[in-house]
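J.: Take a look at this one; I'll ask things after.
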Protein chains: 2
Amino acid sequence: MCEKSIKELVDHYINVSFSVNKIAEGLVKEQIGSDLTNDQHYTLRYINKVGTCTSSELAEVFDVKKSAITAIITRMWEKGLIQRTRDENDRRVVYLTLTDKGNELFLKTEERIQALVESFITRFDQSEVVQFLKTFDKLNEILTERKSKVE
Amino acid sequence: MCEKSIKELVDHYINVSFSVNKIAEGLVKEQIGSDLTNDQHYTLRYINKVGTCTSSELAEVFDVKKSAITAIITRMWEKGLIQRTRDENDRRVVYLTLTDKGNELFLKTEERIQALVESFITRFDQSEVVQFLKTFDKLNEILTERKSKVE
DNA sequence: GTTTAACTGTTCAACTATTTAACTATTAAC
DNA sequence: GTTAATAGTTAAATAGTTGAACAGTTAAAC
């Protein structure tokens with residue numbers, strides 16, 4: 001009986017997370033507009049946060065191969081959103097930073113996404129949101145741990 | 001002060017949901033194996049659940065254009081996982097069902113994914129999971145509502 | 001009853017994303 | 001000094017996506 005209950009919870013989680021992800025992705029895409037794809041916005045977002053990073057770092061964060069990152073960065077570089085700078089000490093490394101244009105575009109779209117997320121997050125009690133994020137964080141930790149074990 | 005707090009919550013949510021999605025997607029991909037992609041598994045999953053559906057229905061559920069569904073279904077049809085049957089009453093409609101092979105493959109991979117999700121869901125108190133899913137459901141409802149408004 | 005409008009699904013061209021494998025250039029290890 | 005490992009790129013193959021145009025079918029208007 002208890003086993004069945006867990007299976008139901010698991011099934012429930014898979015269904016809801018699929019649905020939420022799909023819809024949220026679609027809504028975010030609308031806010032981003034046609035200038036960028038979702039991945040490109042998240043790339044801007046990450047580089048904006050850390051200031052400077054490498055392709056390998058992005059590959060780790062996005063959980064894809066480095067060649068996939070090269071493709072994404074090249075597209076954004078062609079649009080003038082990202083700058084590539086070789087490290088003079090270790091000439092294998094290429095540092096990625098946002099151009100002014102990239103930063104501007106990020107801020108513009110991020111504002112819209114923040115407003116979108118805020119518009120539905122404020123429909124919950126603050127305590128409920130805090131509790132939800134607490135569990136979400138814990139899930140994130142467990143997944144991160146699991147991921148590094150697998151590798 | 002309260003405004004800043006909301007902004008922080010929003011930022012927190014965006015970061016965590018991005019991270020969880022990326023990692024979970026990667027882990028699920030490993031469980032699915034090379035026979036299928038994530039989207040293909042979720043397609044099997046949906047058709048298995050409802051028994052029979054149409055391309056338009058899938059486009060709605062996956063939140064993509066119908067031409068995208070046609071491409072996915074054709075690939076799976078070529079692998080012998082999905083059957084296409086014309087409705088004889090309304091000859092515009094094509095019903096999609098799983099073949100035996102499709103159903104078998106779904107069950108095999110679903111078992112592994114269930115085990116994966118169970119392995120981390122059981123690291124939470126049951127009450128915490130229930131509360132989390134309750135909030136997740138509510139979020140799902142709000143997003144669904146918002147999505148239908150936009151359209 | 002015929003024309004018009006709406007709907008279901010497909011095709012095509014263009015694009016983004018991804019993986020695998022081979023490769024260049026560079027640095028570290030022994 | 002040769003060998004290992006590392007950072008990043010390239011190229012071919014595959015998946016997914018959109019937008020626009022299209023065929024076939026059904027419903028509505030008149």
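In the structure tokens, each chain is lettered A, B, ... as it comes, each chain's residues begin at 1, and ligands are numbered from 1 in order of appearance.
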Can you check which residues of chain D have any atom within 9 Å of chain B? Use only C-alpha atoms (C1' of nucleotides) and format it as a PyMOL selection string.
T.: chain D and resi 15-18+24-26
J.: Skipping near chain neighbours, those fewer than 5 positions away, what residues fall within 12 Å of Ile32 of chain B using only C-alpha atoms (C1' of nucleotides), listed as a ChimeraX atom specification?
T.: /B:25-27,37-42,44,105-116
J.: Create the file for the chosen residues now, containing N, CA and C atoms and written as a PDB file, in the first residue's frame.
T.:
```pdb
ATOM      1  N   GLU B  25      16.868  16.479 -16.950  1.00  0.00           N
ATOM      2  CA  GLU B  25      16.807  16.106 -18.359  1.00  0.00           C
ATOM      3  C   GLU B  25      17.971  15.183 -18.730  1.00  0.00           C
ATOM      4  N   GLY B  26      19.147  15.544 -18.249  1.00  0.00           N
ATOM      5  CA  GLY B  26      20.337  14.738 -18.529  1.00  0.00           C
ATOM      6  C   GLY B  26      20.246  13.351 -17.929  1.00  0.00           C
ATOM      7  N   LEU B  27      19.797  13.276 -16.671  1.00  0.00           N
ATOM      8  CA  LEU B  27      19.686  11.987 -15.996  1.00  0.00           C
ATOM      9  C   LEU B  27      18.638  11.108 -16.666  1.00  0.00           C
ATOM     10  N   THR B  37      14.815   9.605 -27.901  1.00  0.00           N
ATOM     11  CA  THR B  37      15.154  10.897 -27.321  1.00  0.00           C
ATOM     12  C   THR B  37      14.137  11.176 -26.205  1.00  0.00           C
ATOM     13  N   ASN B  38      14.395  12.225 -25.432  1.00  0.00           N
ATOM     14  CA  ASN B  38      13.463  12.599 -24.372  1.00  0.00           C
ATOM     15  C   ASN B  38      12.057  12.835 -24.909  1.00  0.00           C
ATOM     16  N   ASP B  39      11.975  13.654 -25.962  1.00  0.00           N
ATOM     17  CA  ASP B  39      10.669  13.976 -26.520  1.00  0.00           C
ATOM     18  C   ASP B  39       9.955  12.728 -27.013  1.00  0.00           C
ATOM     19  N   GLN B  40      10.717  11.818 -27.587  1.00  0.00           N
ATOM     20  CA  GLN B  40      10.101  10.596 -28.097  1.00  0.00           C
ATOM     21  C   GLN B  40       9.546   9.755 -26.943  1.00  0.00           C
ATOM     22  N   HIS B  41      10.292   9.710 -25.848  1.00  0.00           N
ATOM     23  CA  HIS B  41       9.773   8.964 -24.695  1.00  0.00           C
ATOM     24  C   HIS B  41       8.494   9.608 -24.153  1.00  0.00           C
ATOM     25  N   TYR B  42       8.519  10.944 -24.063  1.00  0.00           N
ATOM     26  CA  TYR B  42       7.331  11.620 -23.549  1.00  0.00           C
ATOM     27  C   TYR B  42       6.146  11.451 -24.496  1.00  0.00           C
ATOM     28  N   LEU B  44       5.639   8.660 -26.317  1.00  0.00           N
ATOM     29  CA  LEU B  44       5.168   7.311 -25.967  1.00  0.00           C
ATOM     30  C   LEU B  44       4.352   7.371 -24.683  1.00  0.00           C
ATOM     31  N   LEU B 105       8.709  -0.886 -25.520  1.00  0.00           N
ATOM     32  CA  LEU B 105       9.843   0.017 -25.310  1.00  0.00           C
ATOM     33  C   LEU B 105       9.512   1.060 -24.254  1.00  0.00           C
ATOM     34  N   PHE B 106       8.272   1.576 -24.303  1.00  0.00           N
ATOM     35  CA  PHE B 106       7.846   2.548 -23.297  1.00  0.00           C
ATOM     36  C   PHE B 106       7.938   1.956 -21.903  1.00  0.00           C
ATOM     37  N   LEU B 107       7.357   0.771 -21.713  1.00  0.00           N
ATOM     38  CA  LEU B 107       7.328   0.160 -20.390  1.00  0.00           C
ATOM     39  C   LEU B 107       8.736  -0.083 -19.856  1.00  0.00           C
ATOM     40  N   LYS B 108       9.623  -0.517 -20.755  1.00  0.00           N
ATOM     41  CA  LYS B 108      10.995  -0.812 -20.363  1.00  0.00           C
ATOM     42  C   LYS B 108      11.708   0.443 -19.848  1.00  0.00           C
ATOM     43  N   THR B 109      11.576   1.527 -20.622  1.00  0.00           N
ATOM     44  CA  THR B 109      12.276   2.748 -20.239  1.00  0.00           C
ATOM     45  C   THR B 109      11.580   3.453 -19.082  1.00  0.00           C
ATOM     46  N   GLU B 110      10.253   3.387 -19.068  1.00  0.00           N
ATOM     47  CA  GLU B 110       9.502   4.041 -17.999  1.00  0.00           C
ATOM     48  C   GLU B 110       9.864   3.460 -16.642  1.00  0.00           C
ATOM     49  N   GLU B 111      10.079   2.149 -16.626  1.00  0.00           N
ATOM     50  CA  GLU B 111      10.447   1.484 -15.378  1.00  0.00           C
ATOM     51  C   GLU B 111      11.736   2.074 -14.810  1.00  0.00           C
ATOM     52  N   ARG B 112      12.687   2.301 -15.717  1.00  0.00           N
ATOM     53  CA  ARG B 112      13.969   2.857 -15.268  1.00  0.00           C
ATOM     54  C   ARG B 112      13.822   4.290 -14.780  1.00  0.00           C
ATOM     55  N   ILE B 113      12.974   5.067 -15.474  1.00  0.00           N
ATOM     56  CA  ILE B 113      12.786   6.456 -15.070  1.00  0.00           C
ATOM     57  C   ILE B 113      12.059   6.527 -13.726  1.00  0.00           C
ATOM     58  N   GLN B 114      11.049   5.680 -13.565  1.00  0.00           N
ATOM     59  CA  GLN B 114      10.339   5.615 -12.286  1.00  0.00           C
ATOM     60  C   GLN B 114      11.326   5.313 -11.159  1.00  0.00           C
ATOM     61  N   ALA B 115      12.219   4.359 -11.402  1.00  0.00           N
ATOM     62  CA  ALA B 115      13.195   3.984 -10.374  1.00  0.00           C
ATOM     63  C   ALA B 115      14.116   5.159 -10.057  1.00  0.00           C
ATOM     64  N   LEU B 116      14.502   5.876 -11.099  1.00  0.00           N
ATOM     65  CA  LEU B 116      15.366   7.049 -10.903  1.00  0.00           C
ATOM     66  C   LEU B 116      14.681   8.104 -10.045  1.00  0.00           C
TER      67      LEU B 116
END
```
J.: Using only C-alpha atoms (C1' of nucleotides) and a distance of at most 7 Å, pull out the residues of chain C that contact chain A, as a PyMOL selection string.
T.: chain C and resi 18+25-26
J.: Please find the residues of chain B near chain A - the criterion being any atom within 6 Å, counting only C-alpha atoms - and write them as a ChimeraX atom specification.
T.: /B:20,132,140
J.: Running DSSP on the backbone, which parts of segment 17-92 of chain B land in strand (DSSP E or B), as a PyMOL selection string?
T.: chain B and resi 53+82-86
J.: Neighbours of Gly80 of chain A within 12 Å (only C-alpha atoms (C1' of nucleotides); same-chain residues fewer than 5 positions away dropped), as a list of chain:residue names?
T.: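 These residues fall inside the cut-off: A:Ile73, A:Thr74, A:Arg75, A:Thr97, A:Leu98, A:Thr99, A:Asp100, A:Lys101, A:Gly102, A:Asn103, A:Glu104, A:Leu105.
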J.: Which is closer to DC7 of chain C than all the others in B:Ser56, B:Glu8, B:Arg84, B:Lys49, using only C-alpha atoms (C1' of nucleotides)?
T.: B:Ser56
J.: May I have the residues within 9 Å of DT9 of chain D as number ranges by chain, using only C-alpha atoms (C1' of nucleotides) and disregarding those fewer than 6 positions away in the same chain?
T.: A: 67, 70; C: 23-24
J.: What would the file look like if the residues just selected were written as a PDB file, in the first residue's frame with C-alpha atoms (C1' of nucleotides)?
T.:
```
ATOM      1  CA  SER A  67      31.046  21.384 -29.217  1.00  0.00           C
ATOM      2  CA  THR A  70      30.903  26.348 -29.454  1.00  0.00           C
TER       3      THR A  70
ATOM      4  C1'  DC C  23      41.615  17.619 -35.144  1.00  0.00           C
ATOM      5  C1'  DT C  24      44.798  21.913 -33.583  1.00  0.00           C
TER       6       DT C  24
END
```
J.: Between atom CA of Glu57 of chain A and atom CA of Gln31 of chain B, what is the distance, to one decimal in Å?
T.: 24.5 Å
J.: What does the structure give for the distance between atom C1' of DA29 of chain C and atom CA of Asn89 of chain A, in Å to one decimal?
T.: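 Separation between atom C1' of DA29 of chain C and atom CA of Asn89 of chain A: 18.7 Å.
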J.: For the atom pair atom CA of Leu81 of chain A and atom C1' of DT16 of chain C, what is the interatomic distance in Å to one decimal place?
T.: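 Atom-to-atom, atom CA of Leu81 of chain A and atom C1' of DT16 of chain C are spaced 16.6 Å apart.
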J.: Identify, with DSSP run on backbone atoms, the residues in chain B assigned to helix (DSSP H, G or I), and express the list as an MDAnalysis selection string.
T.: chainID B and resid 2:32 38:50 55:62 66:78 100:121 126:150
